[in-house]
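Text of coords11.cif (mmCIF, C-alpha atoms) as supplied:
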```cif
data_start
loop_
_atom_site.group_PDB
_atom_site.id
_atom_site.type_symbol
_atom_site.label_atom_id
_atom_site.label_comp_id
_atom_site.auth_asym_id
_atom_site.auth_seq_id
_atom_site.Cartn_x
_atom_site.Cartn_y
_atom_site.Cartn_z
ATOM 1 C CA MET Z 14 -13.685 29.560 -10.404
ATOM 2 C CA ASN Z 15 -16.241 27.519 -8.472
ATOM 3 C CA MET Z 16 -15.507 24.539 -10.671
ATOM 4 C CA MET Z 17 -11.751 24.845 -9.983
ATOM 5 C CA VAL Z 18 -12.426 25.000 -6.230
ATOM 6 C CA ASN Z 19 -14.672 21.934 -6.531
ATOM 7 C CA VAL Z 20 -12.034 20.010 -8.474
ATOM 8 C CA LEU Z 21 -9.330 20.963 -5.940
ATOM 9 C CA ARG Z 22 -11.646 19.938 -3.108
ATOM 10 C CA GLU Z 23 -12.300 16.587 -4.803
ATOM 11 C CA LEU Z 24 -8.549 16.101 -5.323
ATOM 12 C CA MET Z 25 -7.902 16.854 -1.658
ATOM 13 C CA GLY Z 26 -10.677 14.411 -0.800
ATOM 14 C CA LEU Z 27 -8.718 11.629 -2.510
ATOM 15 C CA PHE Z 28 -6.222 11.740 0.335
ATOM 16 C CA VAL Z 29 -8.038 13.297 3.283
ATOM 17 C CA ASP Z 30 -11.412 12.013 4.422
ATOM 18 C CA ASP Z 31 -11.066 12.085 8.186
ATOM 19 C CA GLY Z 32 -8.882 14.997 9.322
ATOM 20 C CA ALA Z 33 -7.834 13.287 12.568
ATOM 21 C CA LEU Z 34 -6.494 10.210 10.731
ATOM 22 C CA ALA Z 35 -4.639 12.326 8.167
ATOM 23 C CA LEU Z 36 -3.105 14.427 10.951
ATOM 24 C CA ALA Z 37 -2.088 11.301 12.875
ATOM 25 C CA ILE Z 38 -0.390 9.848 9.763
ATOM 26 C CA VAL Z 39 1.536 13.081 9.155
ATOM 27 C CA ALA Z 40 2.575 13.209 12.841
ATOM 28 C CA ILE Z 41 3.841 9.597 12.691
ATOM 29 C CA VAL Z 42 5.805 10.322 9.496
ATOM 30 C CA VAL Z 43 7.390 13.396 11.159
ATOM 31 C CA LEU Z 44 8.219 11.328 14.266
ATOM 32 C CA ALA Z 45 9.783 8.610 12.075
ATOM 33 C CA ALA Z 46 11.818 11.294 10.276
ATOM 34 C CA ILE Z 47 13.102 12.610 13.628
ATOM 35 C CA VAL Z 48 14.018 9.078 14.772
ATOM 36 C CA ALA Z 49 15.788 8.455 11.428
ATOM 37 C CA ALA Z 50 17.756 11.696 11.851
ATOM 38 C CA LEU Z 51 18.667 11.010 15.502
ATOM 39 C CA MET Z 52 19.574 7.352 14.964
ATOM 40 C CA PRO Z 53 21.222 7.080 11.549
ATOM 41 C CA ASP Z 54 23.016 3.884 12.611
ATOM 42 C CA LEU Z 55 19.723 2.222 13.478
ATOM 43 C CA PRO Z 56 17.462 2.911 10.480
ATOM 44 C CA LEU Z 57 15.060 0.119 11.428
ATOM 45 C CA ALA Z 58 14.005 2.191 14.465
ATOM 46 C CA ALA Z 59 12.360 4.732 12.147
ATOM 47 C CA GLY Z 60 10.692 1.890 10.238
ATOM 48 C CA THR Z 61 9.336 0.428 13.469
ATOM 49 C CA VAL Z 62 7.893 3.805 14.515
ATOM 50 C CA LEU Z 63 6.330 4.173 11.085
ATOM 51 C CA LEU Z 64 4.796 0.695 10.873
ATOM 52 C CA PHE Z 65 3.450 0.371 14.405
ATOM 53 C CA GLY Z 66 2.496 4.041 14.555
ATOM 54 C CA CYS Z 67 0.304 3.667 11.450
ATOM 55 C CA LEU Z 68 -1.264 0.439 12.713
ATOM 56 C CA GLY Z 69 -1.986 2.025 16.091
ATOM 57 C CA ALA Z 70 -3.371 5.214 14.568
ATOM 58 C CA LEU Z 71 -5.714 3.234 12.332
ATOM 59 C CA LEU Z 72 -7.001 1.088 15.183
ATOM 60 C CA LEU Z 73 -7.531 4.040 17.523
ATOM 61 C CA ASN Z 74 -9.209 6.103 14.816
ATOM 62 C CA VAL Z 75 -11.751 3.488 13.760
ATOM 63 C CA VAL Z 76 -12.527 2.408 17.329
ATOM 64 C CA SER Z 77 -13.163 6.022 18.386
ATOM 65 C CA ALA Z 78 -15.215 6.639 15.196
ATOM 66 C CA GLY Z 79 -17.289 3.539 15.945
ATOM 67 C CA ARG Z 80 -18.014 4.649 19.488
ATOM 68 C CA ARG Z 81 -19.041 8.194 18.531
ATOM 69 C CA MET B 5 14.360 -12.344 -7.889
ATOM 70 C CA THR B 6 11.941 -13.625 -5.275
ATOM 71 C CA GLY B 7 11.789 -10.149 -3.814
ATOM 72 C CA GLY B 8 11.049 -8.646 -7.249
ATOM 73 C CA LEU B 9 8.217 -11.081 -7.879
ATOM 74 C CA ALA B 10 6.935 -10.470 -4.364
ATOM 75 C CA LEU B 11 6.519 -6.830 -5.340
ATOM 76 C CA VAL B 12 5.161 -7.346 -8.875
ATOM 77 C CA TRP B 13 2.129 -9.496 -8.054
ATOM 78 C CA PRO B 14 0.830 -7.353 -5.175
ATOM 79 C CA ALA B 15 1.312 -4.287 -7.425
ATOM 80 C CA ILE B 16 -0.649 -5.861 -10.279
ATOM 81 C CA ALA B 17 -3.365 -7.092 -7.916
ATOM 82 C CA ALA B 18 -3.648 -3.728 -6.127
ATOM 83 C CA ALA B 19 -3.799 -1.812 -9.428
ATOM 84 C CA PHE B 20 -6.383 -4.249 -10.831
ATOM 85 C CA LEU B 21 -8.668 -4.264 -7.786
ATOM 86 C CA ALA B 22 -8.453 -0.508 -7.150
ATOM 87 C CA SER B 23 -9.132 0.231 -10.819
ATOM 88 C CA LEU B 24 -12.064 -2.168 -10.746
ATOM 89 C CA VAL B 25 -13.659 -0.161 -7.927
ATOM 90 C CA GLU B 26 -13.011 3.197 -9.605
ATOM 91 C CA ALA B 27 -14.159 1.988 -13.035
ATOM 92 C CA VAL B 28 -17.424 0.651 -11.570
ATOM 93 C CA GLU B 29 -18.077 4.025 -9.901
ATOM 94 C CA ALA B 30 -17.360 5.945 -13.125
ATOM 95 C CA LEU B 31 -19.485 3.537 -15.180
ATOM 96 C CA THR B 32 -22.466 4.062 -12.858
ATOM 97 C CA ILE B 33 -22.484 7.820 -13.554
ATOM 98 C CA VAL B 34 -21.832 7.457 -17.297
ATOM 99 C CA LEU B 35 -24.726 4.965 -17.509
ATOM 100 C CA ALA B 36 -26.995 7.333 -15.563
ATOM 101 C CA VAL B 37 -26.149 10.137 -18.007
ATOM 102 C CA ALA B 38 -26.768 7.812 -20.975
ATOM 103 C CA THR B 39 -30.110 6.706 -19.550
ATOM 104 C CA VAL B 40 -31.382 10.272 -19.085
ATOM 105 C CA ARG B 41 -29.845 12.047 -22.106
ATOM 106 C CA GLY B 42 -28.616 9.291 -24.423
ATOM 107 C CA TRP B 43 -25.170 7.999 -25.320
ATOM 108 C CA ARG B 44 -24.015 11.127 -27.198
ATOM 109 C CA PRO B 45 -23.388 13.414 -24.189
ATOM 110 C CA ALA B 46 -22.419 10.435 -21.997
ATOM 111 C CA GLY B 47 -19.875 9.168 -24.537
ATOM 112 C CA LEU B 48 -18.603 12.648 -25.359
ATOM 113 C CA GLY B 49 -18.050 13.472 -21.671
ATOM 114 C CA ALA B 50 -16.384 10.118 -20.987
ATOM 115 C CA ALA B 51 -14.127 10.398 -24.052
ATOM 116 C CA THR B 52 -13.117 13.975 -23.132
ATOM 117 C CA GLY B 53 -12.350 12.769 -19.600
ATOM 118 C CA LEU B 54 -10.122 10.008 -20.981
ATOM 119 C CA VAL B 55 -8.287 12.498 -23.232
ATOM 120 C CA ALA B 56 -7.743 14.862 -20.264
ATOM 121 C CA LEU B 57 -6.375 11.932 -18.250
ATOM 122 C CA ALA B 58 -4.023 10.950 -21.067
ATOM 123 C CA ILE B 59 -2.739 14.557 -21.274
ATOM 124 C CA ILE B 60 -2.108 14.612 -17.515
ATOM 125 C CA VAL B 61 -0.209 11.297 -17.636
ATOM 126 C CA VAL B 62 1.864 12.301 -20.682
ATOM 127 C CA ALA B 63 2.648 15.730 -19.174
ATOM 128 C CA LEU B 64 3.461 14.589 -15.626
ATOM 129 C CA GLY B 65 4.961 11.143 -16.304
ATOM 130 C CA PRO B 66 8.381 12.315 -17.596
ATOM 131 C CA LEU B 67 8.667 14.846 -14.727
ATOM 132 C CA LEU B 68 8.787 11.958 -12.247
ATOM 133 C CA ASP B 69 12.122 10.819 -13.720
ATOM 134 C CA LEU B 70 13.622 14.176 -12.706
ATOM 135 C CA VAL B 71 12.797 13.686 -9.000
ATOM 136 C CA PRO B 72 15.511 11.955 -6.868
ATOM 137 C CA LEU B 73 14.452 8.376 -6.037
ATOM 138 C CA HIS B 74 14.455 8.736 -2.235
ATOM 139 C CA LEU B 75 12.371 11.923 -2.411
ATOM 140 C CA LEU B 76 9.956 10.292 -4.857
ATOM 141 C CA GLN B 77 9.592 7.232 -2.605
ATOM 142 C CA LEU B 78 9.004 9.442 0.425
ATOM 143 C CA VAL B 79 6.354 11.651 -1.213
ATOM 144 C CA ILE B 80 4.582 8.750 -2.924
ATOM 145 C CA GLY B 81 4.816 6.713 0.287
ATOM 146 C CA ILE B 82 3.144 9.417 2.371
ATOM 147 C CA LEU B 83 0.421 9.913 -0.263
ATOM 148 C CA LEU B 84 -0.119 6.136 -0.387
ATOM 149 C CA LEU B 85 -0.456 6.034 3.401
ATOM 150 C CA LEU B 86 -3.038 8.840 3.324
ATOM 151 C CA PHE B 87 -4.895 7.284 0.383
ATOM 152 C CA GLY B 88 -4.695 3.629 1.480
ATOM 153 C CA MET B 89 -5.533 4.196 5.148
ATOM 154 C CA ARG B 90 -8.451 6.441 4.109
ATOM 155 C CA TRP B 91 -9.878 3.525 2.070
ATOM 156 C CA LEU B 92 -9.116 1.052 4.827
ATOM 157 C CA ARG B 93 -10.776 3.199 7.496
ATOM 158 C CA LYS B 94 -13.948 3.499 5.434
ATOM 159 C CA ALA B 95 -13.940 -0.219 4.549
ATOM 160 C CA ILE B 96 -13.542 -1.170 8.241
ATOM 161 C CA LEU B 97 -16.384 1.111 9.330
ATOM 162 C CA ARG B 98 -18.602 -0.244 6.539
ATOM 163 C CA ALA B 99 -17.717 -3.878 7.265
ATOM 164 C CA ALA B 100 -18.521 -3.319 10.944
ATOM 165 C CA GLY B 101 -21.886 -1.731 10.065
ATOM 166 C CA VAL B 102 -20.923 1.655 11.545
ATOM 167 C CA ILE B 103 -21.521 3.484 8.249
ATOM 168 C CA PRO B 104 -23.733 2.330 5.358
ATOM 169 C CA LEU B 105 -22.378 0.312 2.454
ATOM 170 C CA HIS B 106 -21.947 2.053 -0.891
ATOM 171 C CA ASP B 107 -24.551 0.778 -3.332
ATOM 172 C CA GLU B 108 -24.159 1.318 -7.083
ATOM 173 C CA ALA B 109 -27.864 0.754 -7.820
ATOM 174 C CA THR B 110 -28.789 3.511 -5.351
ATOM 175 C CA ALA B 111 -26.013 5.774 -6.672
ATOM 176 C CA PHE B 112 -27.369 5.205 -10.199
ATOM 177 C CA ALA B 113 -30.911 6.105 -9.079
ATOM 178 C CA THR B 114 -29.671 9.247 -7.288
ATOM 179 C CA GLU B 115 -27.620 10.421 -10.285
ATOM 180 C CA THR B 116 -30.531 9.757 -12.651
ATOM 181 C CA ALA B 117 -32.931 11.688 -10.390
ATOM 182 C CA GLU B 118 -30.504 14.632 -10.204
ATOM 183 C CA LEU B 119 -30.175 14.754 -13.991
ATOM 184 C CA CYS B 120 -33.980 14.572 -14.407
ATOM 185 C CA ASP B 121 -34.299 17.442 -11.928
ATOM 186 C CA GLN B 122 -31.745 19.468 -13.876
ATOM 187 C CA ALA B 123 -33.707 18.664 -17.044
ATOM 188 C CA ARG B 124 -36.769 20.382 -15.653
ATOM 189 C CA ARG B 125 -34.778 23.477 -14.684
ATOM 190 C CA HIS B 126 -32.269 23.833 -17.527
ATOM 191 C CA GLU B 127 -33.661 21.969 -20.528
ATOM 192 C CA ALA B 128 -31.609 23.961 -23.045
ATOM 193 C CA ARG B 129 -28.289 23.361 -21.291
ATOM 194 C CA LEU B 130 -28.915 19.790 -20.277
ATOM 195 C CA ASP B 131 -26.751 17.996 -22.833
ATOM 196 C CA TRP B 132 -23.837 20.184 -21.745
ATOM 197 C CA LEU B 133 -24.514 19.462 -18.050
ATOM 198 C CA ALA B 134 -24.924 15.733 -18.731
ATOM 199 C CA ALA B 135 -21.643 15.589 -20.658
ATOM 200 C CA LEU B 136 -19.969 17.505 -17.826
ATOM 201 C CA ALA B 137 -21.217 14.965 -15.253
ATOM 202 C CA SER B 138 -19.834 12.120 -17.371
ATOM 203 C CA PHE B 139 -16.531 13.993 -17.909
ATOM 204 C CA LYS B 140 -16.117 14.719 -14.201
ATOM 205 C CA ALA B 141 -16.809 11.104 -13.193
ATOM 206 C CA VAL B 142 -14.280 9.689 -15.656
ATOM 207 C CA LEU B 143 -11.652 12.344 -14.828
ATOM 208 C CA LEU B 144 -11.870 12.075 -11.026
ATOM 209 C CA GLU B 145 -12.156 8.287 -10.820
ATOM 210 C CA GLY B 146 -9.458 8.043 -13.518
ATOM 211 C CA LEU B 147 -7.140 10.318 -11.521
ATOM 212 C CA GLU B 148 -7.363 7.862 -8.624
ATOM 213 C CA VAL B 149 -6.408 5.036 -10.998
ATOM 214 C CA VAL B 150 -3.495 7.075 -12.405
ATOM 215 C CA PHE B 151 -2.283 7.935 -8.909
ATOM 216 C CA ILE B 152 -2.410 4.287 -7.810
ATOM 217 C CA VAL B 153 -0.543 3.101 -10.921
ATOM 218 C CA ILE B 154 2.164 5.771 -10.565
ATOM 219 C CA ALA B 155 2.460 5.210 -6.817
ATOM 220 C CA LEU B 156 2.759 1.445 -7.100
ATOM 221 C CA SER B 157 5.425 1.686 -9.764
ATOM 222 C CA ALA B 158 7.426 4.541 -8.216
ATOM 223 C CA GLY B 159 11.114 4.046 -8.890
ATOM 224 C CA ARG B 160 10.790 0.269 -9.282
ATOM 225 C CA GLY B 161 10.186 0.000 -13.023
ATOM 226 C CA MET B 162 6.764 -1.537 -12.462
ATOM 227 C CA LEU B 163 4.828 0.921 -14.586
ATOM 228 C CA VAL B 164 4.025 -1.727 -17.201
ATOM 229 C CA PRO B 165 2.666 -4.438 -14.836
ATOM 230 C CA ALA B 166 0.713 -1.920 -12.733
ATOM 231 C CA SER B 167 -0.694 -0.241 -15.874
ATOM 232 C CA ALA B 168 -1.608 -3.653 -17.300
ATOM 233 C CA GLY B 169 -3.532 -4.484 -14.115
ATOM 234 C CA ALA B 170 -5.377 -1.149 -14.221
ATOM 235 C CA LEU B 171 -6.105 -1.369 -17.947
ATOM 236 C CA ALA B 172 -7.423 -4.923 -17.624
ATOM 237 C CA ALA B 173 -9.834 -3.823 -14.887
ATOM 238 C CA CYS B 174 -11.075 -0.773 -16.848
ATOM 239 C CA LEU B 175 -11.580 -2.837 -20.025
ATOM 240 C CA LEU B 176 -13.372 -5.564 -18.073
ATOM 241 C CA VAL B 177 -15.789 -3.071 -16.485
ATOM 242 C CA ALA B 178 -16.324 -1.195 -19.779
ATOM 243 C CA CYS B 179 -17.110 -4.459 -21.630
ATOM 244 C CA ILE B 180 -19.509 -5.715 -18.954
ATOM 245 C CA GLY B 181 -21.163 -2.278 -18.728
ATOM 246 C CA PHE B 182 -21.541 -2.140 -22.511
ATOM 247 C CA ILE B 183 -23.139 -5.597 -22.530
ATOM 248 C CA VAL B 184 -25.493 -5.307 -19.533
ATOM 249 C CA HIS B 185 -26.259 -1.528 -19.737
ATOM 250 C CA ARG B 186 -26.807 -1.468 -15.984
ATOM 251 C CA PRO B 187 -24.694 -0.460 -12.998
ATOM 252 C CA LEU B 188 -22.588 -3.339 -11.697
ATOM 253 C CA ALA B 189 -24.328 -3.577 -8.332
ATOM 254 C CA ARG B 190 -23.069 -7.074 -7.524
ATOM 255 C CA VAL B 191 -19.399 -6.148 -7.343
ATOM 256 C CA PRO B 192 -18.355 -6.675 -3.689
ATOM 257 C CA GLU B 193 -17.073 -3.116 -3.532
ATOM 258 C CA ASN B 194 -16.347 -2.978 0.177
ATOM 259 C CA THR B 195 -14.368 -6.229 0.095
ATOM 260 C CA LEU B 196 -12.328 -4.858 -2.818
ATOM 261 C CA LYS B 197 -11.755 -1.558 -0.992
ATOM 262 C CA PHE B 198 -10.721 -3.499 2.102
ATOM 263 C CA ALA B 199 -8.172 -5.532 0.129
ATOM 264 C CA VAL B 200 -6.845 -2.511 -1.777
ATOM 265 C CA GLY B 201 -6.666 -0.397 1.401
ATOM 266 C CA VAL B 202 -4.564 -3.121 3.065
ATOM 267 C CA MET B 203 -2.202 -3.369 0.075
ATOM 268 C CA LEU B 204 -1.824 0.390 -0.474
ATOM 269 C CA SER B 205 -1.163 0.987 3.239
ATOM 270 C CA ALA B 206 1.502 -1.759 3.179
ATOM 271 C CA PHE B 207 3.116 -0.187 0.104
ATOM 272 C CA GLY B 208 2.878 3.229 1.809
ATOM 273 C CA VAL B 209 4.798 2.082 4.894
ATOM 274 C CA PHE B 210 7.392 0.369 2.676
ATOM 275 C CA TRP B 211 8.008 3.369 0.365
ATOM 276 C CA THR B 212 8.006 5.926 3.191
ATOM 277 C CA GLY B 213 10.510 3.816 5.139
ATOM 278 C CA GLU B 214 12.729 3.450 2.063
ATOM 279 C CA GLY B 215 12.524 7.210 1.643
ATOM 280 C CA PHE B 216 14.000 7.538 5.158
ATOM 281 C CA GLY B 217 16.760 5.055 4.273
ATOM 282 C CA VAL B 218 15.253 2.111 6.171
ATOM 283 C CA ILE B 219 16.572 -1.268 4.996
ATOM 284 C CA TRP B 220 13.597 -3.541 5.602
ATOM 285 C CA PRO B 221 14.287 -7.144 6.677
ATOM 286 C CA GLY B 222 13.457 -9.450 3.755
ATOM 287 C CA ALA B 223 13.609 -6.502 1.317
ATOM 288 C CA ASP B 224 10.477 -6.435 -0.900
ATOM 289 C CA LEU B 225 8.974 -9.404 0.936
ATOM 290 C CA ALA B 226 8.435 -7.068 3.895
ATOM 291 C CA ILE B 227 5.419 -5.690 1.994
ATOM 292 C CA VAL B 228 3.649 -9.041 2.370
ATOM 293 C CA ALA B 229 4.310 -9.000 6.126
ATOM 294 C CA PHE B 230 3.050 -5.386 6.383
ATOM 295 C CA ALA B 231 -0.110 -6.342 4.474
ATOM 296 C CA ALA B 232 -0.684 -9.252 6.873
ATOM 297 C CA LEU B 233 -0.304 -6.892 9.855
ATOM 298 C CA PHE B 234 -2.705 -4.312 8.378
ATOM 299 C CA LEU B 235 -5.178 -7.108 7.643
ATOM 300 C CA ALA B 236 -4.911 -8.463 11.204
ATOM 301 C CA VAL B 237 -5.403 -5.016 12.776
ATOM 302 C CA SER B 238 -8.316 -4.237 10.440
ATOM 303 C CA GLY B 239 -9.963 -7.571 11.198
ATOM 304 C CA THR B 240 -9.559 -6.911 14.913
ATOM 305 C CA ALA B 241 -11.113 -3.454 14.490
ATOM 306 C CA VAL B 242 -14.111 -4.916 12.629
ATOM 307 C CA ALA B 243 -14.579 -7.517 15.373
ATOM 308 C CA ILE B 244 -14.458 -4.829 18.084
ATOM 309 C CA LEU B 245 -16.892 -2.545 16.274
ATOM 310 C CA ARG B 246 -19.271 -5.054 14.683
ATOM 311 C CA ARG B 247 -22.909 -4.045 15.043
ATOM 312 C CA PRO B 248 -26.138 -4.704 13.072
ATOM 313 C CA ARG B 249 -25.755 -3.708 9.423
ATOM 314 C CA ALA B 250 -26.412 0.003 8.763
ATOM 315 C CA GLU B 251 -28.868 1.025 6.073
ATOM 316 C CA VAL B 252 -27.533 1.053 2.492
ATOM 317 C CA LEU B 253 -27.014 4.552 1.104
ATOM 318 C CA PRO B 254 -25.525 5.945 -2.154
#
```
Could you take the file, read its structure, and then write that structure out as structure tokens?
Amino acid sequence: MNMMVNVLRELMGLFVDDGALALAIVAIVVLAAIVAALMPDLPLAAGTVLLFGCLGALLLNVVSAGRR
Amino acid sequence: MTGGLALVWPAIAAAFLASLVEAVEALTIVLAVATVRGWRPAGLGAATGLVALAIIVVALGPLLDLVPLHLLQLVIGILLLLFGMRWLRKAILRAAGVIPLHDEATAFATETAELCDQARRHEARLDWLAALASFKAVLLEGLEVVFIVIALSAGRGMLVPASAGALAACLLVACIGFIVHRPLARVPENTLKFAVGVMLSAFGVFWTGEGFGVIWPGADLAIVAFAALFLAVSGTAVAILRRPRAEVLP
């Protein structure tokens, strides 16, 4: 049982290292999905939210991690 | 055609470089096991890990064809974003000296010391524990390789080029490891992780957007532009954060 929990934890660790960054990515994806749903005639709007949201989240996350 | 090629080469390069990093990490642990307990448990554990990986790929591979393309792109895209940006974050912090660099020689020494410690406590069970350590290293690092290969080829028929890139890297590391019998400490691991993090994040944005129905300007070539943007932002972050190099840890 312990081994299974360890393996699952390691698998989770493949995708989530810093909880704040993972949460920010999920939030940006949800926001992009909302924009895509609200503006179906302008699909590039969702892409713009996604791209610049991820870039911004990365920059903010590492800068705040570096200053901690 | 240009767009297709623009996607194939980054996919091969990303699969090759990511697999190189993972294979080096797995080799370090297998070598540590072989040093302490000999090649029998190390080889047995590694071979069992490879068989388990093959079973996972054979079992899950055909299931992917059953998933609608847009859903597959969306799920793989989000996982790539999580995976790629996690690597990129760590590579930025390491490059800036905020956290210590990963060092294979130190990781090898730590793993060897742990196995020696286990030897004192559980002599009778040690071969089993050593094989398990080797198995776990190959399985977990191999799962990352499998995920990257599947993610990079999702719905684009690039399984063969991405697999070829990954296989070439694993064979290269295995051959060098077999010849030198030492951890490959000179591989610029953080630079590789930096490059792979940039590429996987770019692929992640591209797939996720396609999953939402976004038609990217320049089609597949947009990935190159995304990679350039991720590289520029990462470089800026390193410049902002740069401080004296942190101590090297395993």
Quick one: what's the axis-aligned box for segment 211-220 of chain B, all listed atoms, 4 Å on every side, centre and edges in Å to one decimal, as lines of an AutoDock Vina configuration file?
```
center_x = 12.4
center_y = 2.0
center_z = 3.3
size_x = 16.8
size_y = 19.1
size_z = 13.8
```
inquiry  = Selection in question (the file shown): the PyMOL selection byres ((chain B and resi 51-65) around 7). Which residues does it include, as JSON, numbers by chain?
reply    = {"B": [47, 48, 49, 50, 66, 67, 68, 139, 140, 142, 143, 146, 147]}
Interface list for chain B, partner chain Z, 9 Å threshold, all atoms listed in the file, as a PDB file with C-alpha atoms, in the frame of the given file:
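The file below, out-v2.pdb, is the result:
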```
ATOM      1  CA  ILE B  82       3.144   9.417   2.371  1.00  0.00           C
ATOM      2  CA  LEU B  83       0.421   9.913  -0.263  1.00  0.00           C
ATOM      3  CA  LEU B  84      -0.119   6.136  -0.387  1.00  0.00           C
ATOM      4  CA  LEU B  85      -0.456   6.034   3.401  1.00  0.00           C
ATOM      5  CA  LEU B  86      -3.038   8.840   3.324  1.00  0.00           C
ATOM      6  CA  PHE B  87      -4.895   7.284   0.383  1.00  0.00           C
ATOM      7  CA  GLY B  88      -4.695   3.629   1.480  1.00  0.00           C
ATOM      8  CA  MET B  89      -5.533   4.196   5.148  1.00  0.00           C
ATOM      9  CA  ARG B  90      -8.451   6.441   4.109  1.00  0.00           C
ATOM     10  CA  TRP B  91      -9.878   3.525   2.070  1.00  0.00           C
ATOM     11  CA  LEU B  92      -9.116   1.052   4.827  1.00  0.00           C
ATOM     12  CA  ARG B  93     -10.776   3.199   7.496  1.00  0.00           C
ATOM     13  CA  LYS B  94     -13.948   3.499   5.434  1.00  0.00           C
ATOM     14  CA  ILE B  96     -13.542  -1.170   8.241  1.00  0.00           C
ATOM     15  CA  LEU B  97     -16.384   1.111   9.330  1.00  0.00           C
ATOM     16  CA  ALA B 100     -18.521  -3.319  10.944  1.00  0.00           C
ATOM     17  CA  VAL B 102     -20.923   1.655  11.545  1.00  0.00           C
ATOM     18  CA  ILE B 103     -21.521   3.484   8.249  1.00  0.00           C
ATOM     19  CA  LYS B 140     -16.117  14.719 -14.201  1.00  0.00           C
ATOM     20  CA  LEU B 144     -11.870  12.075 -11.026  1.00  0.00           C
ATOM     21  CA  LEU B 147      -7.140  10.318 -11.521  1.00  0.00           C
ATOM     22  CA  GLU B 148      -7.363   7.862  -8.624  1.00  0.00           C
ATOM     23  CA  SER B 205      -1.163   0.987   3.239  1.00  0.00           C
ATOM     24  CA  ALA B 206       1.502  -1.759   3.179  1.00  0.00           C
ATOM     25  CA  VAL B 209       4.798   2.082   4.894  1.00  0.00           C
ATOM     26  CA  PHE B 210       7.392   0.369   2.676  1.00  0.00           C
ATOM     27  CA  THR B 212       8.006   5.926   3.191  1.00  0.00           C
ATOM     28  CA  GLY B 213      10.510   3.816   5.139  1.00  0.00           C
ATOM     29  CA  GLU B 214      12.729   3.450   2.063  1.00  0.00           C
ATOM     30  CA  PHE B 216      14.000   7.538   5.158  1.00  0.00           C
ATOM     31  CA  GLY B 217      16.760   5.055   4.273  1.00  0.00           C
ATOM     32  CA  VAL B 218      15.253   2.111   6.171  1.00  0.00           C
ATOM     33  CA  ILE B 219      16.572  -1.268   4.996  1.00  0.00           C
ATOM     34  CA  TRP B 220      13.597  -3.541   5.602  1.00  0.00           C
ATOM     35  CA  PRO B 221      14.287  -7.144   6.677  1.00  0.00           C
ATOM     36  CA  PHE B 230       3.050  -5.386   6.383  1.00  0.00           C
ATOM     37  CA  LEU B 233      -0.304  -6.892   9.855  1.00  0.00           C
ATOM     38  CA  PHE B 234      -2.705  -4.312   8.378  1.00  0.00           C
ATOM     39  CA  VAL B 237      -5.403  -5.016  12.776  1.00  0.00           C
ATOM     40  CA  SER B 238      -8.316  -4.237  10.440  1.00  0.00           C
ATOM     41  CA  THR B 240      -9.559  -6.911  14.913  1.00  0.00           C
ATOM     42  CA  ALA B 241     -11.113  -3.454  14.490  1.00  0.00           C
ATOM     43  CA  VAL B 242     -14.111  -4.916  12.629  1.00  0.00           C
ATOM     44  CA  ILE B 244     -14.458  -4.829  18.084  1.00  0.00           C
ATOM     45  CA  LEU B 245     -16.892  -2.545  16.274  1.00  0.00           C
ATOM     46  CA  ARG B 246     -19.271  -5.054  14.683  1.00  0.00           C
TER      47      ARG B 246
END
```
ask   = So which residues touch Trp13 of chain B within 10 Å, counting only C-alpha atoms, skipping near sequence neighbours fewer than 5 positions away, as an MDAnalysis selection string?
value = chainID B and resid 8 18:19 165:166 169
Selection to disk with C-alpha atoms, as a PDB file, in the frame of the given file:
```
ATOM      1  CA  GLY B   8      11.049  -8.646  -7.249  1.00  0.00           C
ATOM      2  CA  ALA B  18      -3.648  -3.728  -6.127  1.00  0.00           C
ATOM      3  CA  ALA B  19      -3.799  -1.812  -9.428  1.00  0.00           C
ATOM      4  CA  PRO B 165       2.666  -4.438 -14.836  1.00  0.00           C
ATOM      5  CA  ALA B 166       0.713  -1.920 -12.733  1.00  0.00           C
ATOM      6  CA  GLY B 169      -3.532  -4.484 -14.115  1.00  0.00           C
TER       7      GLY B 169
END
```
query = So what do you get for atom CA of Thr110 of chain B versus atom CA of Ile33 of chain B, distance-wise?
reply = 11.2 Å
inquiry  = One number please: atom CA of Ala231 of chain B to atom CA of Cys174 of chain B, in Å, one decimal.
reply    = 24.6 Å
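Separating atom CA of Asn194 of chain B from atom CA of Val12 of chain B is a distance of 23.7 Å.
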request  = Please provide the set of residues having any atom within 12 Å of Val164 of chain B, restricted to all atoms listed in the file, with same-chain residues fewer than 3 positions apart removed, written as JSON, numbers by chain.
outcome  = {"B": [12, 15, 16, 19, 153, 154, 156, 157, 158, 160, 161, 167, 168, 169, 170, 171, 172]}
key: Point (-24.8, 11.5, -17.3), cut-off 6 Å, counting only C-alpha atoms, residues as an NGL selection string   = :B and (33-34 or 36-38 or 46 or 134 or 137-138)
